[in-house]
>>> print(open('input-v3.cif').read())   # mmCIF, C-alpha atoms
data_run
loop_
_atom_site.label_atom_id
_atom_site.label_comp_id
_atom_site.auth_asym_id
_atom_site.auth_seq_id
_atom_site.Cartn_x
_atom_site.Cartn_y
_atom_site.Cartn_z
CA MET A 1 0.00 0.00 0.00
CA ILE A 2 1.16 3.42 -0.90
CA PRO A 3 0.92 5.94 1.83
CA LEU A 4 -0.94 9.15 1.02
CA PRO A 5 1.28 12.04 0.83
CA VAL A 6 1.17 14.43 3.70
CA VAL A 7 0.14 17.19 1.37
CA GLN A 8 -3.09 15.44 0.51
CA LEU A 9 -3.95 15.01 4.17
CA ASN A 10 -3.26 18.63 4.81
CA VAL A 11 -5.59 19.58 1.95
CA LEU A 12 -8.39 17.48 3.42
CA ASP A 13 -7.76 18.95 6.84
CA ALA A 14 -7.74 22.43 5.33
CA LEU A 15 -11.00 21.74 3.49
CA GLN A 16 -12.56 20.53 6.74
CA ASP A 17 -11.29 23.64 8.50
CA TYR A 18 -12.69 25.85 5.72
CA ALA A 19 -15.99 24.01 5.89
CA SER A 20 -16.12 24.52 9.64
CA LEU A 21 -15.18 28.17 9.18
CA LEU A 22 -17.85 28.63 6.50
CA SER A 23 -20.39 26.85 8.69
CA SER A 24 -19.53 29.14 11.60
CA ILE A 25 -19.74 32.20 9.34
CA ALA A 26 -23.14 31.00 8.05
CA ILE A 27 -24.39 30.60 11.62
CA ILE A 28 -23.12 34.06 12.57
CA LEU A 29 -24.67 35.59 9.43
CA GLY A 30 -27.92 33.77 10.19
CA ALA A 31 -27.87 35.16 13.74
CA VAL A 32 -27.18 38.68 12.41
CA PHE A 33 -30.05 38.26 9.91
CA VAL A 34 -32.36 37.17 12.75
CA VAL A 35 -31.34 40.22 14.82
CA PHE A 36 -32.05 42.55 11.87
CA GLN A 37 -35.33 40.75 11.16
CA LEU A 38 -36.35 41.09 14.81
CA ARG A 39 -35.61 44.83 14.68
CA ASP A 40 -37.70 45.18 11.53
CA ASP A 41 -40.49 43.14 13.10
CA LYS A 42 -40.32 45.33 16.21
CA LYS A 43 -40.63 48.43 14.03
CA LEU A 44 -43.57 46.87 12.18
CA ILE A 45 -45.25 46.00 15.47
CA GLN A 46 -44.69 49.55 16.76
CA ALA A 47 -46.10 50.97 13.54
CA SER A 48 -49.12 48.64 13.80
CA VAL A 49 -49.70 49.67 17.42
CA GLN A 50 -49.44 53.34 16.45
CA GLN A 51 -51.88 52.78 13.58
CA ALA A 52 -54.28 50.97 15.92
CA ASN A 53 -54.06 53.86 18.41
CA SER A 54 -54.70 56.34 15.62
CA SER A 55 -57.70 54.30 14.47
CA GLU A 56 -59.03 54.22 18.01
CA GLU A 57 -58.68 58.00 18.31
CA GLN A 58 -60.37 58.47 14.92
CA ALA A 59 -63.25 56.24 16.02
CA ARG A 60 -63.60 58.22 19.25
CA LEU A 61 -63.66 61.51 17.36
CA THR A 62 -66.13 60.16 14.82
CA THR A 63 -68.40 58.95 17.62
CA GLU A 64 -68.19 62.34 19.28
CA GLN A 65 -69.04 64.05 15.99
CA LEU A 66 -72.02 61.74 15.44
CA LYS A 67 -73.23 62.50 18.95
CA GLN A 68 -73.00 66.23 18.30
CA ASN A 69 -74.82 65.82 14.96
CA TYR A 70 -77.56 63.83 16.71
CA GLU A 71 -77.94 66.50 19.38
CA LEU A 72 -78.14 69.22 16.73
CA ALA A 73 -80.73 67.23 14.78
CA THR A 74 -82.73 66.79 17.99
CA VAL A 75 -82.61 70.54 18.64
CA ASP A 76 -83.77 71.16 15.07
CA LEU A 77 -86.59 68.65 15.48
CA ILE A 78 -87.75 70.16 18.77
CA THR A 79 -87.49 73.66 17.35
CA ASP A 80 -89.62 72.67 14.36
CA ILE A 81 -92.24 71.06 16.60
CA TYR A 82 -92.22 74.04 18.90
CA ASP A 83 -92.58 76.44 15.97
CA PHE A 84 -95.51 74.39 14.66
CA ALA A 85 -97.09 74.24 18.12
CA ASN A 86 -96.78 78.02 18.38
CA SER A 87 -98.42 78.63 15.02
CA LEU A 88 -101.64 80.59 14.98
CA GLN A 89 -103.60 77.56 13.76
CA VAL A 90 -102.40 75.25 16.54
CA GLN A 91 -102.82 77.95 19.17
CA ALA A 92 -106.39 78.48 17.94
CA SER A 93 -107.03 74.74 18.19
CA TRP A 94 -105.54 74.64 21.69
CA LEU A 95 -107.70 77.55 22.79
CA THR A 96 -110.75 75.82 21.32
CA VAL A 97 -109.98 72.63 23.26
CA LEU A 98 -109.45 74.55 26.50
CA LYS A 99 -112.67 76.56 26.08
CA THR A 100 -114.84 73.60 25.02
CA LYS A 101 -114.05 71.31 27.96
CA ILE A 102 -116.15 68.29 27.05
CA ALA A 103 -117.08 66.29 30.13
CA SER A 104 -117.79 62.93 28.52
CA PRO A 105 -117.04 61.10 25.28
CA ASP A 106 -120.69 61.49 24.25
CA ASP A 107 -120.32 65.28 24.30
CA PHE A 108 -117.84 65.10 21.44
CA ASP A 109 -120.48 63.97 18.93
CA LYS A 110 -122.45 67.15 19.59
CA LEU A 111 -119.58 69.51 18.78
CA PRO A 112 -119.35 71.33 15.44
CA GLU A 113 -116.84 69.94 12.95
CA SER A 114 -114.40 72.85 13.41
CA VAL A 115 -114.17 72.08 17.13
CA GLN A 116 -113.78 68.35 16.45
CA LEU A 117 -110.91 69.18 14.08
CA ALA A 118 -109.25 71.22 16.83
CA TYR A 119 -109.38 68.14 19.09
CA LEU A 120 -107.96 65.95 16.32
CA GLN A 121 -105.14 68.39 15.65
CA MET A 122 -104.11 68.70 19.30
CA ALA A 123 -104.32 64.96 19.99
CA SER A 124 -102.31 64.23 16.84
CA LEU A 125 -99.65 66.75 17.85
CA PHE A 126 -99.18 65.08 21.22
CA GLU A 127 -99.33 61.62 19.63
CA SER A 128 -96.41 62.64 17.39
CA ILE A 129 -94.47 64.04 20.32
CA GLY A 130 -95.17 60.86 22.31
CA LEU A 131 -93.85 58.74 19.45
CA LEU A 132 -90.64 60.80 19.28
CA VAL A 133 -90.13 60.32 23.02
CA GLU A 134 -90.91 56.59 22.78
CA LYS A 135 -88.34 56.12 20.01
CA ASN A 136 -85.76 58.11 22.04
CA TYR A 137 -85.47 60.91 19.51
CA VAL A 138 -86.42 63.40 22.20
CA LYS A 139 -86.05 63.27 25.98
CA SER A 140 -89.27 63.28 27.96
CA ASP A 141 -88.01 65.92 30.41
CA LEU A 142 -87.45 68.30 27.51
CA ILE A 143 -91.02 67.76 26.32
CA ASP A 144 -92.25 68.20 29.88
CA ASP A 145 -90.47 71.55 30.05
CA MET A 146 -91.72 72.77 26.65
CA PHE A 147 -95.32 71.56 26.46
CA ALA A 148 -98.33 71.36 28.78
CA THR A 149 -98.63 67.62 28.20
CA GLN A 150 -100.54 66.81 31.37
CA GLN A 151 -103.05 69.59 30.80
CA ALA A 152 -103.44 68.45 27.20
CA TRP A 153 -104.09 64.87 28.33
CA GLU A 154 -106.72 65.95 30.84
CA SER A 155 -108.43 68.14 28.23
CA LEU A 156 -108.28 65.54 25.46
CA GLU A 157 -108.89 62.32 27.39
CA PRO A 158 -112.70 62.32 26.82
CA PHE A 159 -112.06 62.76 23.09
CA ILE A 160 -109.50 59.94 23.07
CA THR A 161 -111.93 57.68 24.92
CA TRP A 162 -114.58 58.56 22.32
CA MET A 163 -112.19 57.72 19.44
CA ARG A 164 -111.26 54.38 20.97
CA LYS A 165 -114.89 53.51 21.64
CA ARG A 166 -116.16 54.67 18.26
CA TYR A 167 -113.50 52.87 16.23
CA GLU A 168 -113.16 49.93 18.63
CA SER A 169 -109.41 50.26 18.99
CA GLU A 170 -107.17 51.02 21.93
CA GLU A 171 -104.44 52.07 19.48
CA TYR A 172 -105.76 55.59 19.06
CA TYR A 173 -103.30 58.05 20.64
CA TYR A 174 -101.34 55.22 22.23
CA PHE A 175 -98.05 57.17 22.34
CA PHE A 176 -99.77 60.25 23.73
CA GLU A 177 -101.09 58.14 26.59
CA LYS A 178 -97.65 56.59 27.17
CA LEU A 179 -96.13 60.06 27.28
CA HIS A 180 -98.78 61.18 29.77
CA LYS A 181 -98.07 58.15 32.00
CA ARG A 182 -94.31 58.66 31.77
CA LEU A 183 -94.60 62.30 32.76
CA SER A 184 -97.07 61.47 35.55
CA GLN A 185 -94.48 59.34 37.35
CA PRO A 186 -92.35 61.08 39.95
CA GLN A 187 -89.06 62.18 38.42
CA GLU A 188 -85.78 60.98 39.92
CA THR A 189 -83.40 63.70 41.02
#
>>> encode(input="input-v3.cif", output="structure tokens")
Amino acid sequence: MIPLPVVQLNVLDALQDYASLLSSIAIILGAVFVVFQLRDDKKLIQASVQQANSSEEQARLTTEQLKQNYELATVDLITDIYDFANSLQVQASWLTVLKTKIASPDDFDKLPESVQLAYLQMASLFESIGLLVEKNYVKSDLIDDMFATQQAWESLEPFITWMRKRYESEEYYYFFEKLHKRLSQPQET
């Protein structure tokens, strides 16, 4: 057998050393890559958190704006109702109801048509207001401050009873009655 020259063994040893060196360099480069990747990921996470915080702030501001728009719309609605209620026609109807003072549902049949229309107009006005309160478009305490709801109910109750009896339905002026009952309850302070 011919012995391998020493040079060949040194070449194999050198190749093994180079392979080990390259392997070590690859591991170090991989570790450096991981460190850079982690930094980039950290920056991405920070950017995502900042974007989420910005989105949260935008949602809060949008909600606040919607709330303000709702309150302004409510003020407009109440102002329109109040303007209508203060019109000469409605005031004339209200005065007619107050002066007529029917004592029983049967008295309503005997009234002239113009007086009956005054009762219909006033009951319909308060029915509309009651519906707005029921659907939470308007707060009941605001209506209580702006309108004589209890006086209106007392004045119009015989008419409402007549309507329900005549048309065999308890649905007539349902929201007006609910408003009356809500405002009749003691208010919490």
>>> resolve_selection(input="input-v3.cif", expression="the PyMOL selection byres ((chain A and resi 158) around 8)", output="PDB file with C-alpha atoms, in the frame of the given file")
ATOM      1  CA  ILE A 102    -116.150  68.290  27.050  1.00  0.00           C
ATOM      2  CA  ALA A 103    -117.080  66.290  30.130  1.00  0.00           C
ATOM      3  CA  SER A 104    -117.790  62.930  28.520  1.00  0.00           C
ATOM      4  CA  PRO A 105    -117.040  61.100  25.280  1.00  0.00           C
ATOM      5  CA  PHE A 108    -117.840  65.100  21.440  1.00  0.00           C
ATOM      6  CA  SER A 155    -108.430  68.140  28.230  1.00  0.00           C
ATOM      7  CA  LEU A 156    -108.280  65.540  25.460  1.00  0.00           C
ATOM      8  CA  GLU A 157    -108.890  62.320  27.390  1.00  0.00           C
ATOM      9  CA  PHE A 159    -112.060  62.760  23.090  1.00  0.00           C
ATOM     10  CA  ILE A 160    -109.500  59.940  23.070  1.00  0.00           C
ATOM     11  CA  THR A 161    -111.930  57.680  24.920  1.00  0.00           C
ATOM     12  CA  TRP A 162    -114.580  58.560  22.320  1.00  0.00           C
TER      13      TRP A 162
END
>>> resolve_selection(input="input-v3.cif", expression="the PyMOL selection byres ((chain A and resi 179) around 9)", output="ChimeraX atom specification")
/A:126-127,129-131,133-134,140,149,174-178,180-184
>>> write_last_selection(input="input-v3.cif", atoms="C-alpha atoms", output="PDB file, keeping the file's coordinate frame")
ATOM      1  CA  PHE A 126     -99.180  65.080  21.220  1.00  0.00           C
ATOM      2  CA  GLU A 127     -99.330  61.620  19.630  1.00  0.00           C
ATOM      3  CA  ILE A 129     -94.470  64.040  20.320  1.00  0.00           C
ATOM      4  CA  GLY A 130     -95.170  60.860  22.310  1.00  0.00           C
ATOM      5  CA  LEU A 131     -93.850  58.740  19.450  1.00  0.00           C
ATOM      6  CA  VAL A 133     -90.130  60.320  23.020  1.00  0.00           C
ATOM      7  CA  GLU A 134     -90.910  56.590  22.780  1.00  0.00           C
ATOM      8  CA  SER A 140     -89.270  63.280  27.960  1.00  0.00           C
ATOM      9  CA  THR A 149     -98.630  67.620  28.200  1.00  0.00           C
ATOM     10  CA  TYR A 174    -101.340  55.220  22.230  1.00  0.00           C
ATOM     11  CA  PHE A 175     -98.050  57.170  22.340  1.00  0.00           C
ATOM     12  CA  PHE A 176     -99.770  60.250  23.730  1.00  0.00           C
ATOM     13  CA  GLU A 177    -101.090  58.140  26.590  1.00  0.00           C
ATOM     14  CA  LYS A 178     -97.650  56.590  27.170  1.00  0.00           C
ATOM     15  CA  HIS A 180     -98.780  61.180  29.770  1.00  0.00           C
ATOM     16  CA  LYS A 181     -98.070  58.150  32.000  1.00  0.00           C
ATOM     17  CA  ARG A 182     -94.310  58.660  31.770  1.00  0.00           C
ATOM     18  CA  LEU A 183     -94.600  62.300  32.760  1.00  0.00           C
ATOM     19  CA  SER A 184     -97.070  61.470  35.550  1.00  0.00           C
TER      20      SER A 184
END
>>> resolve_selection(input="input-v3.cif", expression="the PyMOL selection byres ((chain A and resi 67-78) around 12)", output="list of chain:residue names")
A:Arg60, A:Leu61, A:Thr62, A:Thr63, A:Glu64, A:Gln65, A:Leu66, A:Thr79, A:Asp80, A:Ile81, A:Tyr82, A:Asp83, A:Phe84, A:Ala85, A:Asn86, A:Ser128, A:Ile129, A:Leu132, A:Val133, A:Asn136, A:Tyr137, A:Val138, A:Lys139, A:Ser140, A:Leu142, A:Ile143, A:Asp145, A:Met146, A:Phe147
>>> atom_distance(input="input-v3.cif", atom1="CA of Gln121 (chain A)", atom2="CA of Thr96 (chain A)")
10.9 Å
>>> residues_near_point(input="input-v3.cif", point="(-103.4, 60.3, 18.6)", cutoff="6 Å", atoms="all atoms listed in the file", output="PyMOL selection string")
chain A and resi 123-124+127+172-173
>>> residues_around(input="input-v3.cif", residues="Ser114 (chain A)", least_positions_apart="3", cutoff="12 Å", atoms="all atoms listed in the file", output="JSON, numbers by chain")
{"A": [89, 92, 93, 96, 97, 100, 108, 110, 111, 117, 118, 119, 120, 121]}
>>> atom_distance(input="input-v3.cif", atom1="CA of Gln150 (chain A)", atom2="CA of Glu113 (chain A)")
24.8 Å
>>> atom_distance(input="input-v3.cif", atom1="CA of Met122 (chain A)", atom2="CA of Trp94 (chain A)")
6.6 Å
